[in-house]
Structure formats: structure tokens, C-alpha cells
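J.: Sending over target.csv (CSV, C-alpha atoms and all ligand atoms).
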chain,number,residue,atom,x,y,z
A,1,MET,CA,113.1,70.9,156.9
A,2,ASP,CA,111.4,73.7,158.9
A,3,THR,CA,113.1,72.8,162.1
A,4,VAL,CA,116.6,73.2,163.4
A,5,GLU,CA,118.1,71.3,166.4
A,6,LEU,CA,119.9,73.8,168.7
A,7,ILE,CA,122.9,72.3,170.6
A,8,PRO,CA,123.0,73.2,174.3
A,9,LYS,CA,126.3,73.8,175.9
A,10,GLY,CA,126.1,72.5,179.5
A,11,ASP,CA,128.3,72.1,182.5
A,12,GLU,CA,127.9,71.6,186.2
A,13,ARG,CA,126.4,75.1,186.5
A,14,GLY,CA,123.6,74.6,184.0
A,15,MET,CA,122.8,75.1,180.3
A,16,LEU,CA,123.3,77.7,177.6
A,17,ILE,CA,122.2,77.9,173.9
A,18,ALA,CA,123.8,80.4,171.6
A,19,LEU,CA,122.2,81.6,168.3
A,20,GLU,CA,124.5,83.3,165.8
A,21,ASN,CA,123.9,85.0,162.4
A,22,LEU,CA,124.2,82.6,159.5
A,23,LYS,CA,125.0,79.7,161.8
A,24,GLU,CA,122.0,78.4,163.9
A,25,VAL,CA,120.0,81.3,162.4
A,26,PRO,CA,119.9,81.1,158.6
A,27,PHE,CA,119.9,84.9,158.1
A,28,GLU,CA,121.3,88.1,159.6
A,29,ILE,CA,119.3,89.0,162.7
A,30,ARG,CA,117.8,92.5,162.5
A,31,ARG,CA,115.1,92.2,165.2
A,32,VAL,CA,114.3,90.1,168.3
A,33,TYR,CA,111.0,90.0,170.1
A,34,TYR,CA,109.3,87.6,172.5
A,35,ILE,CA,105.7,86.7,173.1
A,36,TYR,CA,104.5,85.8,176.6
A,37,GLY,CA,101.4,85.9,178.8
A,38,THR,CA,99.3,84.6,175.9
A,39,LYS,CA,95.9,83.3,177.0
A,40,SER,CA,95.5,79.6,176.1
A,41,ASP,CA,92.2,80.2,174.2
A,42,PHE,CA,93.6,82.7,171.8
A,43,ARG,CA,95.3,82.1,168.4
A,44,ARG,CA,98.1,84.5,167.4
A,45,GLY,CA,99.8,85.1,164.1
A,46,LYS,CA,97.2,84.6,161.4
A,47,HIS,CA,99.3,86.3,158.8
A,48,ALA,CA,102.2,85.7,156.3
A,49,HIS,CA,105.1,88.0,155.4
A,50,ARG,CA,106.1,88.9,151.9
A,51,ASN,CA,109.9,88.8,152.5
A,52,LEU,CA,110.6,88.3,156.2
A,53,GLN,CA,112.5,85.3,157.5
A,54,GLN,CA,112.1,84.2,161.1
A,55,LEU,CA,113.3,81.6,163.6
A,56,ALA,CA,111.0,80.9,166.5
A,57,VAL,CA,112.1,79.1,169.7
A,58,CYS,CA,109.9,78.3,172.7
A,59,VAL,CA,112.4,79.1,175.5
A,60,ALA,CA,109.9,78.3,178.2
A,61,GLY,CA,106.6,76.4,178.3
A,62,SER,CA,105.1,75.2,175.0
A,63,CYS,CA,102.9,76.3,172.1
A,64,ARG,CA,101.7,74.9,168.8
A,65,PHE,CA,102.3,76.3,165.3
A,66,VAL,CA,100.5,75.7,162.0
A,67,LEU,CA,102.6,76.6,158.9
A,68,ASP,CA,100.9,76.8,155.6
A,69,ASP,CA,102.6,77.6,152.3
A,70,GLY,CA,99.4,77.6,150.3
A,71,ARG,CA,99.8,74.0,149.2
A,72,GLU,CA,100.4,72.1,152.5
A,73,ARG,CA,99.6,72.8,156.2
A,74,LYS,CA,102.1,71.4,158.8
A,75,GLU,CA,101.6,71.3,162.6
A,76,TYR,CA,104.4,71.7,165.1
A,77,LEU,CA,104.6,71.4,168.8
A,78,LEU,CA,107.3,73.6,170.2
A,79,ASN,CA,107.8,72.1,173.7
A,80,ARG,CA,111.6,72.3,174.2
A,81,ASN,CA,114.1,75.1,174.0
A,82,THR,CA,116.4,73.0,171.7
A,83,LEU,CA,113.9,73.1,168.8
A,84,GLY,CA,114.0,76.1,166.4
A,85,LEU,CA,111.2,76.6,163.8
A,86,LYS,CA,112.3,78.3,160.6
A,87,ILE,CA,109.6,80.3,158.9
A,88,GLY,CA,110.3,81.7,155.4
A,89,PRO,CA,108.6,84.3,153.3
A,90,MET,CA,105.0,83.7,152.2
A,91,VAL,CA,104.2,81.2,154.9
A,92,TRP,CA,100.9,81.6,156.7
A,93,ARG,CA,101.4,81.0,160.5
A,94,GLU,CA,99.1,80.5,163.4
A,95,MET,CA,100.2,79.9,167.0
A,96,TYR,CA,97.9,78.4,169.6
A,97,ASP,CA,97.7,76.2,172.8
A,98,PHE,CA,100.1,78.5,174.6
A,99,THR,CA,100.9,77.3,178.2
A,100,PRO,CA,100.7,80.1,180.8
A,101,ASP,CA,104.5,80.0,181.2
A,102,CYS,CA,105.2,80.1,177.4
A,103,VAL,CA,107.9,82.5,176.3
A,104,LEU,CA,108.2,82.4,172.5
A,105,LEU,CA,111.4,84.0,171.3
A,106,VAL,CA,111.4,85.2,167.6
A,107,LEU,CA,114.4,86.3,165.7
A,108,ALA,CA,113.7,88.2,162.5
A,109,SER,CA,115.6,89.2,159.4
A,110,GLN,CA,114.1,92.7,159.1
A,111,PRO,CA,112.8,95.5,161.3
A,112,TYR,CA,109.1,95.6,161.9
A,113,ASP,CA,107.3,96.7,158.8
A,114,GLU,CA,103.5,96.6,158.6
A,115,SER,CA,103.6,96.7,154.7
A,116,ASP,CA,105.4,93.3,154.7
A,117,TYR,CA,102.4,91.6,156.4
A,118,VAL,CA,99.7,89.7,154.5
A,119,ARG,CA,96.8,89.6,156.9
A,120,SER,CA,94.0,88.2,154.7
A,121,TYR,CA,94.1,84.4,154.1
A,122,GLY,CA,92.4,84.9,150.8
A,123,GLU,CA,95.0,87.4,149.6
A,124,PHE,CA,97.8,85.1,150.9
A,125,LEU,CA,96.4,82.1,148.9
A,126,ALA,CA,96.1,84.2,145.8
A,127,LEU,CA,99.7,85.4,146.2
A,128,ALA,CA,101.1,82.0,147.1
A,129,LYS,CA,99.5,80.4,144.0
A,130,ALA,CA,100.4,83.2,141.6
A,131,PRO,CA,103.2,82.3,139.2
A,132,LYS,CA,106.5,83.9,140.3
A,133,SER,CA,107.1,85.3,136.8
A,134,PRO,CA,105.6,85.1,133.3
A,135,ILE,CA,108.5,82.7,132.3
A,136,ASN,CA,107.3,80.1,134.9
A,137,GLU,CA,103.9,79.9,133.2
A,138,SER,CA,105.4,78.6,130.0
A,139,LEU,CA,107.5,75.9,131.7
A,201,LIG,P1,101.0,91.0,166.0
A,201,LIG,O1,101.8,91.0,164.7
A,201,LIG,O2,99.5,91.2,166.0
A,201,LIG,O3,101.4,89.7,166.9
A,201,LIG,P2,101.2,88.2,166.5
A,201,LIG,O4,101.8,87.9,165.2
A,201,LIG,O5,101.8,87.4,167.6
A,201,LIG,O6,99.7,87.9,166.5
A,201,LIG,O7,101.7,92.2,166.9
A,201,LIG,C1,101.1,92.6,168.1
A,201,LIG,C2,101.4,94.1,168.3
A,201,LIG,O8,102.8,94.3,168.4
A,201,LIG,C3,101.0,94.9,167.1
A,201,LIG,O9,100.4,96.2,167.6
A,201,LIG,C4,102.2,95.2,166.3
A,201,LIG,C5,103.3,95.2,167.4
A,201,LIG,N1,104.6,94.8,167.0
A,201,LIG,C6,105.7,95.6,167.0
A,201,LIG,O10,105.5,96.8,167.3
A,201,LIG,N2,106.9,95.2,166.6
A,201,LIG,C7,107.1,93.9,166.3
A,201,LIG,O11,108.3,93.5,166.0
A,201,LIG,C8,106.0,93.0,166.3
A,201,LIG,C9,106.2,91.6,165.9
A,201,LIG,C10,104.8,93.5,166.6
Would you write the structure of this file as C-alpha cells?
T.:
Amino acid sequence: MDTVELIPKGDERGMLIALENLKEVPFEIRRVYYIYGTKSDFRRGKHAHRNLQQLAVCVAGSCRFVLDDGRERKEYLLNRNTLGLKIGPMVWREMYDFTPDCVLLVLASQPYDESDYVRSYGEFLALAKAPKSPINESL
């Protein structure tokens, strides 16, 4: 599954969701960023990462994701702050339909590294379809 249900802790004062390394988040967090103020007619992302793992949570508003592993494309609506979307290495992602109030929180397993990006869809498809090692070809 690409999604994880986040359990809110609530009491009479309101709600809280905690995200911890290797618990709700399936990796050690090395970076946090958030995307906001995105115009509704723009698509963001349009890249894959060679090694990076990420967990995305729409903490306010909503947006849609397409995740594409080179074989299959899946669409997700992130419209509640209890839904985490796990994005592994070599997954092409596009985000769109941002509401004006959308705040998309992203937790990442590595610091920002431009050399980890694959920004061409053609290159991504070639890498995703390439056999992992010569041994796999003979299986
Ligand atoms: P970009 O990767 O284009 O965003 P998106 O994937 O949402 O389309 O990043 C936008 C800018 O922010 C770009 O100049 C790179 C910079 N950036 C950082 O400096 N650190 C980061 O952790 C990220 C994700 C982006």
C-alpha cells in the first residue's frame, strides 16, 4: 500500500498527530519541507528520485497526486490530515488540483540533492524498465 493511516490523538482541547522515525514514517527523517500557495492551475513535481523516500501529508486543504512506477499509474486525493502517502525511490510523481489553503507537508529520507532527481519522463521510463542487474535478465 502507498498510503498510511495516521492516528490522531484528541481530547477536549483539540487534535494532534505525531510522526516518528521508523514508526508512522518508514525511514529516518533527514529533511522536512512544506508546499503552500500553489496556484490551482499548476502541476508540481514531474520528477522521480533515484534513492529518496518520502511521506506526504496534506495538513490543510487538499491536492491530488499521480504516482507512476513505470508500469502502473495510480491517482490519490489527499484531502484529510490523517492520510499519509508513501513515495519510494523511482516513482514519478505529479501533484495538482491544489486548493488555495493547501499545505502539503513532506518528510524525506535524505537532504536536498539535485543529482538524485530524474526530471525527464523518458529517462525515468528507461531507468524504471531497465533490469536491476544482469542476473535478473537470465531469471
Ligand atoms: P521543486 O523540486 O521544483 O518542487 P516540486 O517538486 O514541488 O515541483 O523545488 C522548487 C524549488 O525549491 C527548487 O528551486 C529547488 C528548491 N528546493 C530546495 O531548495 N530544497 C528542497 O528540499 C526542495 C524540495 C526544493
J.: For ligand LIG 201 (chain A), list the contacting residues at 8 Å or closer, counting all atoms listed in the file, as a list in words.
T.: Arg31, Val32, Tyr33, Ile35, Arg43, Arg44, Gly45, Lys46, His47, Met95, Pro111, Tyr112, Asp113 and Glu114 of chain A
J.: Nearest to Val25 (chain A): which of A:Leu78, A:Leu55, A:Val103, A:Met90 is it, counting all atoms listed in the file?
T.: A:Leu55
J.: Name the closest residue to Val57 (chain A) among the candidates A:Lys39, A:Lys9, A:Lys86, A:Lys74; distances are taken between atoms, counting only C-alpha atoms.
T.: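 Smallest separation from Val57 (chain A) among the options: A:Lys86.
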J.: I need the residue nearest Arg71 (chain A) from this list: A:Trp92, A:Asp41, A:Leu104, A:Gly14. Use only C-alpha atoms for the distance.
T.: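 Selected residue with least distance to Arg71 (chain A): A:Trp92.
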J.: Could you check how far CA of Lys23 (chain A) sits from CA of Gly88 (chain A), in Å to one decimal?
T.: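 Distance reported for this atom pair: 16.2 Å.
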J.: Could you please determine the separation between CA of Leu22 (chain A) and CA of Glu72 (chain A) in Å, to one decimal place?
T.: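 Rounded to one decimal, the two atoms are 26.9 Å apart.
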J.: Can you tell me, as JSON, numbers by chain, what residues are no more than 8 Å from Ala128 (chain A) when counting only C-alpha atoms, ignoring any on the same chain fewer than 4 positions away?
T.: {"A": [69, 70, 90, 124]}
J.: Just want the 9 Å neighbourhood of Thr99 (chain A), counted on all atoms listed in the file, with same-chain residues fewer than 2 positions away dropped. Output as a PyMOL selection string.
T.: chain A and resi 37-40+61-63+97+101-103
J.: Identify, on the basis of all atoms listed in the file, every residue whose closest approach to Phe27 (chain A) does not exceed 9 Å; exclude the query and any residue fewer than 5 positions from it along the same chain; express the result as a PyMOL selection string.
T.: chain A and resi 21-22+53-54+108-109
J.: From the options A:Arg93, A:Asn79, A:Tyr34, A:Arg73, which residue's atoms come nearest to Ser120 (chain A), counting all atoms listed in the file?
T.: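 The closest residue to Ser120 (chain A) is A:Arg93.
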J.: Find, counting only C-alpha atoms, the residue in A:Val118, A:Met15, A:Ala56, A:Leu83 that gets nearest to Leu105 (chain A).
T.: A:Ala56
J.: Have a look at A:Tyr117, A:Glu24, A:Gln110, A:Arg30 and name the one nearest to Ile7 (chain A); count all atoms listed in the file.
T.: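 Of A:Tyr117, A:Glu24, A:Gln110, A:Arg30, the one nearest Ile7 (chain A) is A:Glu24, counting all atoms listed in the file.
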J.: Using Å and a single decimal, report how far CA of Ala60 (chain A) sits from CA of Arg80 (chain A).
T.: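 According to the coordinates, CA of Arg80 (chain A) and CA of Ala60 (chain A) are separated by 7.4 Å.
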